[in-house]
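J.: Following this message is one structure expressed as structure tokens.
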Amino acid sequence: MNGWARYAAGSVRFEVTGGRGERFLNACVEAGIPVEHICPTDTGYLVTAPLRDYKRMRPFARRNRCRLRVREKYGAYFALLAYRGRWGIALGLALCVLALFLGGDLIWNICFLNFTPEQETAARAMLFEQGIYEGAFQNHETLMRAASELFVDSEDYGWVTLNFVKGRLVVEKTQRERPPEFISAELTNVVAVCDGIVRRIDLVDGYPGVVPGQYVARGQVLVSGMKLNSYERPMYTHAEADVWAEVENTYRYTQPLHGTSTLPTAECKSYYTLYLPWGELPLYRSVDLAGTAQRRVLRRPAAPLGFHLPALVEELQVRPTQPTAWALTPAQARDIARSRILDTLRMQFGEYELLEETAEVRQEGDAVTLALRLRFLANIGEMKPFSAEISPKAGPDTISDENS
Amino acid sequence: MRRAKKRGERYSFRQAMGLAAQPVRAVLYGRPTLHAECGGAVEIENCRGILQYDAQRLRLDMGQWTVTIEGDGLVVENYQKAMMTVRGQVFSVHFGYGGV
């Protein structure tokens with residue numbers, strides 16, 4: 001008899017004292033009662049017998065004038081005997097089994113495979129809008145619709161599937177491989193967006209109209225999409241090139257030294273809502289949205305100590321904002337102004353290489369004005385639709401001042 | 001009233017050939033048998049009962065024979081109708097004729 005069966009059936013180890021012990025054992029075996037582990041003691045024997053046969057031994061013991069004393073009890077019957085009359089435990093167990101039976105379509109856990117944290121956050125928000133979250137009941141149609149929504153909403157996914165297996169929803173996707181973009185067949189010219197001295201031309205296609213070392217003006221055609229051949233017939237193409245030129249320009253930016261801004265305070269209040277299978281349960285009385293409060297919603301599965309429960313915790317973080325006065329030193333204002341000017345430069349030209357920088361700071365009243373004369377290397381070529389007559393246009397060499 | 005003659009149980013030729021009114025299984029497998037292992041375990045088949053048992057001696061009724069196992073720490077691991085398993089340090093086994 002293996003251990004589990006032995007535990008389920010139960011057994012008793014008892015001591016046989018007095019009388020005719022050997023005959024008692026023979027009588028038990030003759031009656032079909034298996035006895036095991038018989039150890040002789042000073043006064044008799046220690047015997048192990050199955051629980052169901054122990055009561056049948058009494059007549060044999062009486063007949064052979066033996067006395068039986070139970071020494072050890074083993075088995076499930078004795079383990080459960082301590083819970084006799086405590087029907088609440090059995091009722092709870094039955095309710096638990098019933099809940100598991102009824103909650104077959106309940107989502108206990110959502111697992112994302114091949115998702116980056118940002119993609120997982122976006123996908124979780126989308127699934128929540130579709131009514132799919134930990135603690136919600138699912139059906140096949142909802143999952144199919146959500147998978148289609150996920151696939152359509154993002155151009156990065158090549159394939160999306162939602163598999164629901166034993167309470168666990170597995171969201172799986174593959175990344176879409178983007179084919180390389182074809183070179184456009186549109187007729188274009190590459191024109192200069194500002195004045196400068198051409199230093200290098202990285203030509204992809206087209207007919208360059210300038211050479212390195214040449215000064216170009218704003219609007220001038222740098223690489224043309226049309227060229228006359230030897231027979232004076234036009235040849236058209238898609239002009240594309242990076243024209244790196246040395247540009248010299250002056251930028252001005254005025255930064256106030258004092259001001260008032262509406263900033264979030266350090267106080268942050270959290271309001272929790274529990275999403276359960278039978279509905280949502282707010283864990284607060286009311287949300288205090290004083291003034292122009294900043295709000296942020298975080299959703300995470302309820303998993304105390306790593307054990308996932310069929311529930312979703314939504315945290316609403318509210319951070320009130322209030323007008324805050326600030327003051328800068330002239331050095332700080334100058335640094336901010338320089339940073340803003342370089343940001344503007346990056347937005348205008350993209351990558352650039354700073355060659356020379358001359359600053360002129362002037363404090364006027366409650367503001368600092370920085371005039372920054374920059375000499376830098378940048379790509380001044382811009383593709384524009386082909387036009388036979390593009391005349392250079394003269395433009396101001398100064399970017400307008402901007403305040404924060 | 002004629003009293004039935006008390007006879008010891010014997011195994012006759014008829015019984016062995018299955019001509020007697022007893023099942024073949026009892027004829028072929030019903031004989032008392034002793035298996036001794038060097039590890040100290042002794043298996044006894046078709047033992048009629050225990051005659052005497054203490055830690056140093058176990059005397060068994062094997063029908064026409066009695067078997068006495070002497071040793072130290074003799075423990076009857078399993079005792080059923082057709083099989084008995086004895087473990088312990090066995091020093092000697094004696095066979096006796098008759099003698100219940």
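By convention here, the chains of the structure tokens are called A, B, ... in the order presented, each chain's residues are numbered starting at 1, and ligands are numbered starting at 1 in the order presented.
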If we count only C-alpha atoms and set the cut-off at 7 Å, which residues sit around stretch 44-57 of chain B, ignoring sequence neighbours fewer than 5 positions away in its own chain? Please answer as a ChimeraX atom specification.
T.: /A:22,26,40 /B:30-35,62-63,68-74,81-85
J.: May I ask you to extract the residues of chain A within 10 Å of chain B, using only C-alpha atoms, and to give them as a list in words?
T.: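 Result, ordered by chain then number: Arg20, Gly21, Glu22, Arg23, Phe24, Leu25, Asn26, Ala27, Cys28, Val29, Glu30, Ala31, Gly32, Ile33, Pro34, Val35, Glu36, His37, Ile38, Cys39, Pro40, Thr41, Asp42, Gly44, Tyr45, Val47 and Thr48 of chain A.
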J.: Can you pull out every residue from stretch 237-271 of chain A that DSSP, working from the backbone, puts in strand (DSSP E), and format the result as JSON, numbers by chain?
T.: {"A": [240, 241, 242, 243, 244, 245, 246, 247, 248, 249, 250, 251, 252, 253, 254, 255, 256, 258, 259, 260, 261, 262, 263, 264, 269, 270, 271]}
J.: Go ahead and write the selection's residues with C-alpha atoms as a PDB file, in the first residue's frame.
T.:
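Heads up, here's the output in again.pdb:
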ATOM      1  CA  GLU A 240      18.176  64.799 -53.662  1.00  0.00           C
ATOM      2  CA  ALA A 241      21.302  65.820 -51.780  1.00  0.00           C
ATOM      3  CA  ASP A 242      22.714  66.992 -48.465  1.00  0.00           C
ATOM      4  CA  VAL A 243      24.474  70.297 -49.006  1.00  0.00           C
ATOM      5  CA  TRP A 244      26.678  71.150 -46.063  1.00  0.00           C
ATOM      6  CA  ALA A 245      27.465  74.821 -45.862  1.00  0.00           C
ATOM      7  CA  GLU A 246      29.096  77.158 -43.432  1.00  0.00           C
ATOM      8  CA  VAL A 247      26.444  79.515 -42.131  1.00  0.00           C
ATOM      9  CA  GLU A 248      26.918  82.591 -40.015  1.00  0.00           C
ATOM     10  CA  ASN A 249      23.926  83.970 -38.213  1.00  0.00           C
ATOM     11  CA  THR A 250      22.945  86.009 -35.210  1.00  0.00           C
ATOM     12  CA  TYR A 251      20.223  84.935 -32.821  1.00  0.00           C
ATOM     13  CA  ARG A 252      18.667  86.909 -30.032  1.00  0.00           C
ATOM     14  CA  TYR A 253      16.723  85.685 -27.077  1.00  0.00           C
ATOM     15  CA  THR A 254      15.354  87.618 -24.149  1.00  0.00           C
ATOM     16  CA  GLN A 255      14.954  85.802 -20.863  1.00  0.00           C
ATOM     17  CA  PRO A 256      13.072  87.494 -17.987  1.00  0.00           C
ATOM     18  CA  HIS A 258      11.509  87.149 -12.615  1.00  0.00           C
ATOM     19  CA  GLY A 259       8.157  85.653 -13.387  1.00  0.00           C
ATOM     20  CA  THR A 260       5.239  83.563 -12.239  1.00  0.00           C
ATOM     21  CA  SER A 261       4.349  80.166 -13.613  1.00  0.00           C
ATOM     22  CA  THR A 262       1.675  77.653 -12.781  1.00  0.00           C
ATOM     23  CA  LEU A 263       3.641  74.679 -11.475  1.00  0.00           C
ATOM     24  CA  PRO A 264       2.623  71.405  -9.846  1.00  0.00           C
ATOM     25  CA  LYS A 269      -2.884  62.526  -3.715  1.00  0.00           C
ATOM     26  CA  SER A 270      -3.744  59.029  -4.882  1.00  0.00           C
ATOM     27  CA  TYR A 271      -7.258  57.690  -5.272  1.00  0.00           C
TER      28      TYR A 271
END
J.: Enumerate, as JSON, numbers by chain, the complete set of residues in stretch 176-402 of chain A that a backbone-based DSSP assignment places in alpha helix (DSSP H).
T.: {"A": [330, 331, 332, 333, 334, 335, 336, 337, 338, 339, 340, 341, 342, 343, 344, 345, 346, 347, 348, 349]}
J.: Using only C-alpha atoms, which residue out of A:Ala303, A:Ala333, A:Ile380, A:Ala136 lies closest to A:Tyr275?
T.: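 Looking only at the distances to A:Tyr275, the closest residue turns out to be A:Ala136.
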J.: Here is a test: counting only C-alpha atoms, which residue of A:Leu51, A:Asn64, A:Gly213, A:Gly104 is nearest to A:Arg200?
T.: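 Closest candidate: A:Gly213.
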J.: Would you compute the distance between atom CA of A:Tyr77 and atom CA of A:Ile89? Give it in Å to one decimal.
T.: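 Separation between atom CA of A:Tyr77 and atom CA of A:Ile89: 15.8 Å.
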J.: Report as a ChimeraX atom specification all protein, DNA and RNA residues lying within 8 Å of A:Val216, evaluated on only C-alpha atoms, omitting residues in the same chain fewer than 5 positions from it.
T.: /A:192,195-198
J.: Taking all heavy atoms for each residue, export the selection above as an mmCIF file, in the first residue's frame.
T.:
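The file below, out.cif, is the result:
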data_model
loop_
_atom_site.group_PDB
_atom_site.id
_atom_site.type_symbol
_atom_site.label_atom_id
_atom_site.label_comp_id
_atom_site.auth_asym_id
_atom_site.auth_seq_id
_atom_site.Cartn_x
_atom_site.Cartn_y
_atom_site.Cartn_z
ATOM 1 N N ALA A 192 18.570 76.274 -51.264
ATOM 2 C CA ALA A 192 19.174 76.672 -49.999
ATOM 3 C C ALA A 192 18.127 77.338 -49.116
ATOM 4 O O ALA A 192 17.322 78.142 -49.585
ATOM 5 C CB ALA A 192 20.315 77.638 -50.250
ATOM 6 N N ASP A 195 21.531 81.637 -46.344
ATOM 7 C CA ASP A 195 22.793 81.980 -46.984
ATOM 8 C C ASP A 195 23.921 81.169 -46.360
ATOM 9 O O ASP A 195 23.842 80.760 -45.193
ATOM 10 C CB ASP A 195 23.094 83.470 -46.795
ATOM 11 C CG ASP A 195 21.983 84.332 -47.369
ATOM 12 O OD1 ASP A 195 21.152 83.773 -48.121
ATOM 13 O OD2 ASP A 195 21.937 85.533 -47.041
ATOM 14 N N GLY A 196 24.994 80.964 -47.153
ATOM 15 C CA GLY A 196 26.138 80.249 -46.604
ATOM 16 C C GLY A 196 27.156 79.939 -47.667
ATOM 17 O O GLY A 196 26.953 80.228 -48.852
ATOM 18 N N ILE A 197 28.259 79.370 -47.219
ATOM 19 C CA ILE A 197 29.331 78.971 -48.128
ATOM 20 C C ILE A 197 29.348 77.443 -48.175
ATOM 21 O O ILE A 197 29.489 76.794 -47.127
ATOM 22 C CB ILE A 197 30.685 79.503 -47.641
ATOM 23 C CG1 ILE A 197 30.641 81.031 -47.542
ATOM 24 C CG2 ILE A 197 31.793 79.049 -48.556
ATOM 25 C CD1 ILE A 197 31.865 81.638 -46.901
ATOM 26 N N VAL A 198 29.166 76.892 -49.358
ATOM 27 C CA VAL A 198 29.073 75.441 -49.510
ATOM 28 C C VAL A 198 30.422 74.814 -49.201
ATOM 29 O O VAL A 198 31.464 75.261 -49.699
ATOM 30 C CB VAL A 198 28.624 75.090 -50.942
ATOM 31 C CG1 VAL A 198 28.619 73.580 -51.143
ATOM 32 C CG2 VAL A 198 27.247 75.655 -51.229
#
J.: Using only C-alpha atoms, pick whichever of A:Thr17, A:Ser339, A:Gln220, A:Gln294 has the shortest atom-to-atom distance to A:Thr321.
T.: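 Going through A:Thr17, A:Ser339, A:Gln220, A:Gln294 one by one, the smallest distance to A:Thr321 is for A:Gln294.
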J.: Do you know which residues are at most 6 Å from stretch 95-97 of chain B counting only C-alpha atoms, after dropping those on the same chain fewer than 6 positions away, and could you put them as a list in words?
T.: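 Using only C-alpha atoms, the neighbours found are Trp65, Thr66 and Val67 of chain B.
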J.: Grab the residues selected above and save them as a short mmCIF file (atom, residue, chain, number, x, y, z; two decimals), in the first residue's frame with N, CA, C and O atoms.
T.:
data_model
loop_
_atom_site.label_atom_id
_atom_site.label_comp_id
_atom_site.auth_asym_id
_atom_site.auth_seq_id
_atom_site.Cartn_x
_atom_site.Cartn_y
_atom_site.Cartn_z
N TRP B 65 4.93 -29.51 10.53
CA TRP B 65 6.22 -29.07 11.02
C TRP B 65 6.06 -27.79 11.83
O TRP B 65 5.10 -27.07 11.67
N THR B 66 7.01 -27.58 12.67
CA THR B 66 7.13 -26.28 13.33
C THR B 66 8.49 -25.69 12.97
O THR B 66 9.47 -26.43 12.85
N VAL B 67 8.51 -24.42 12.80
CA VAL B 67 9.74 -23.73 12.45
C VAL B 67 10.03 -22.71 13.55
O VAL B 67 9.14 -21.92 13.91
#
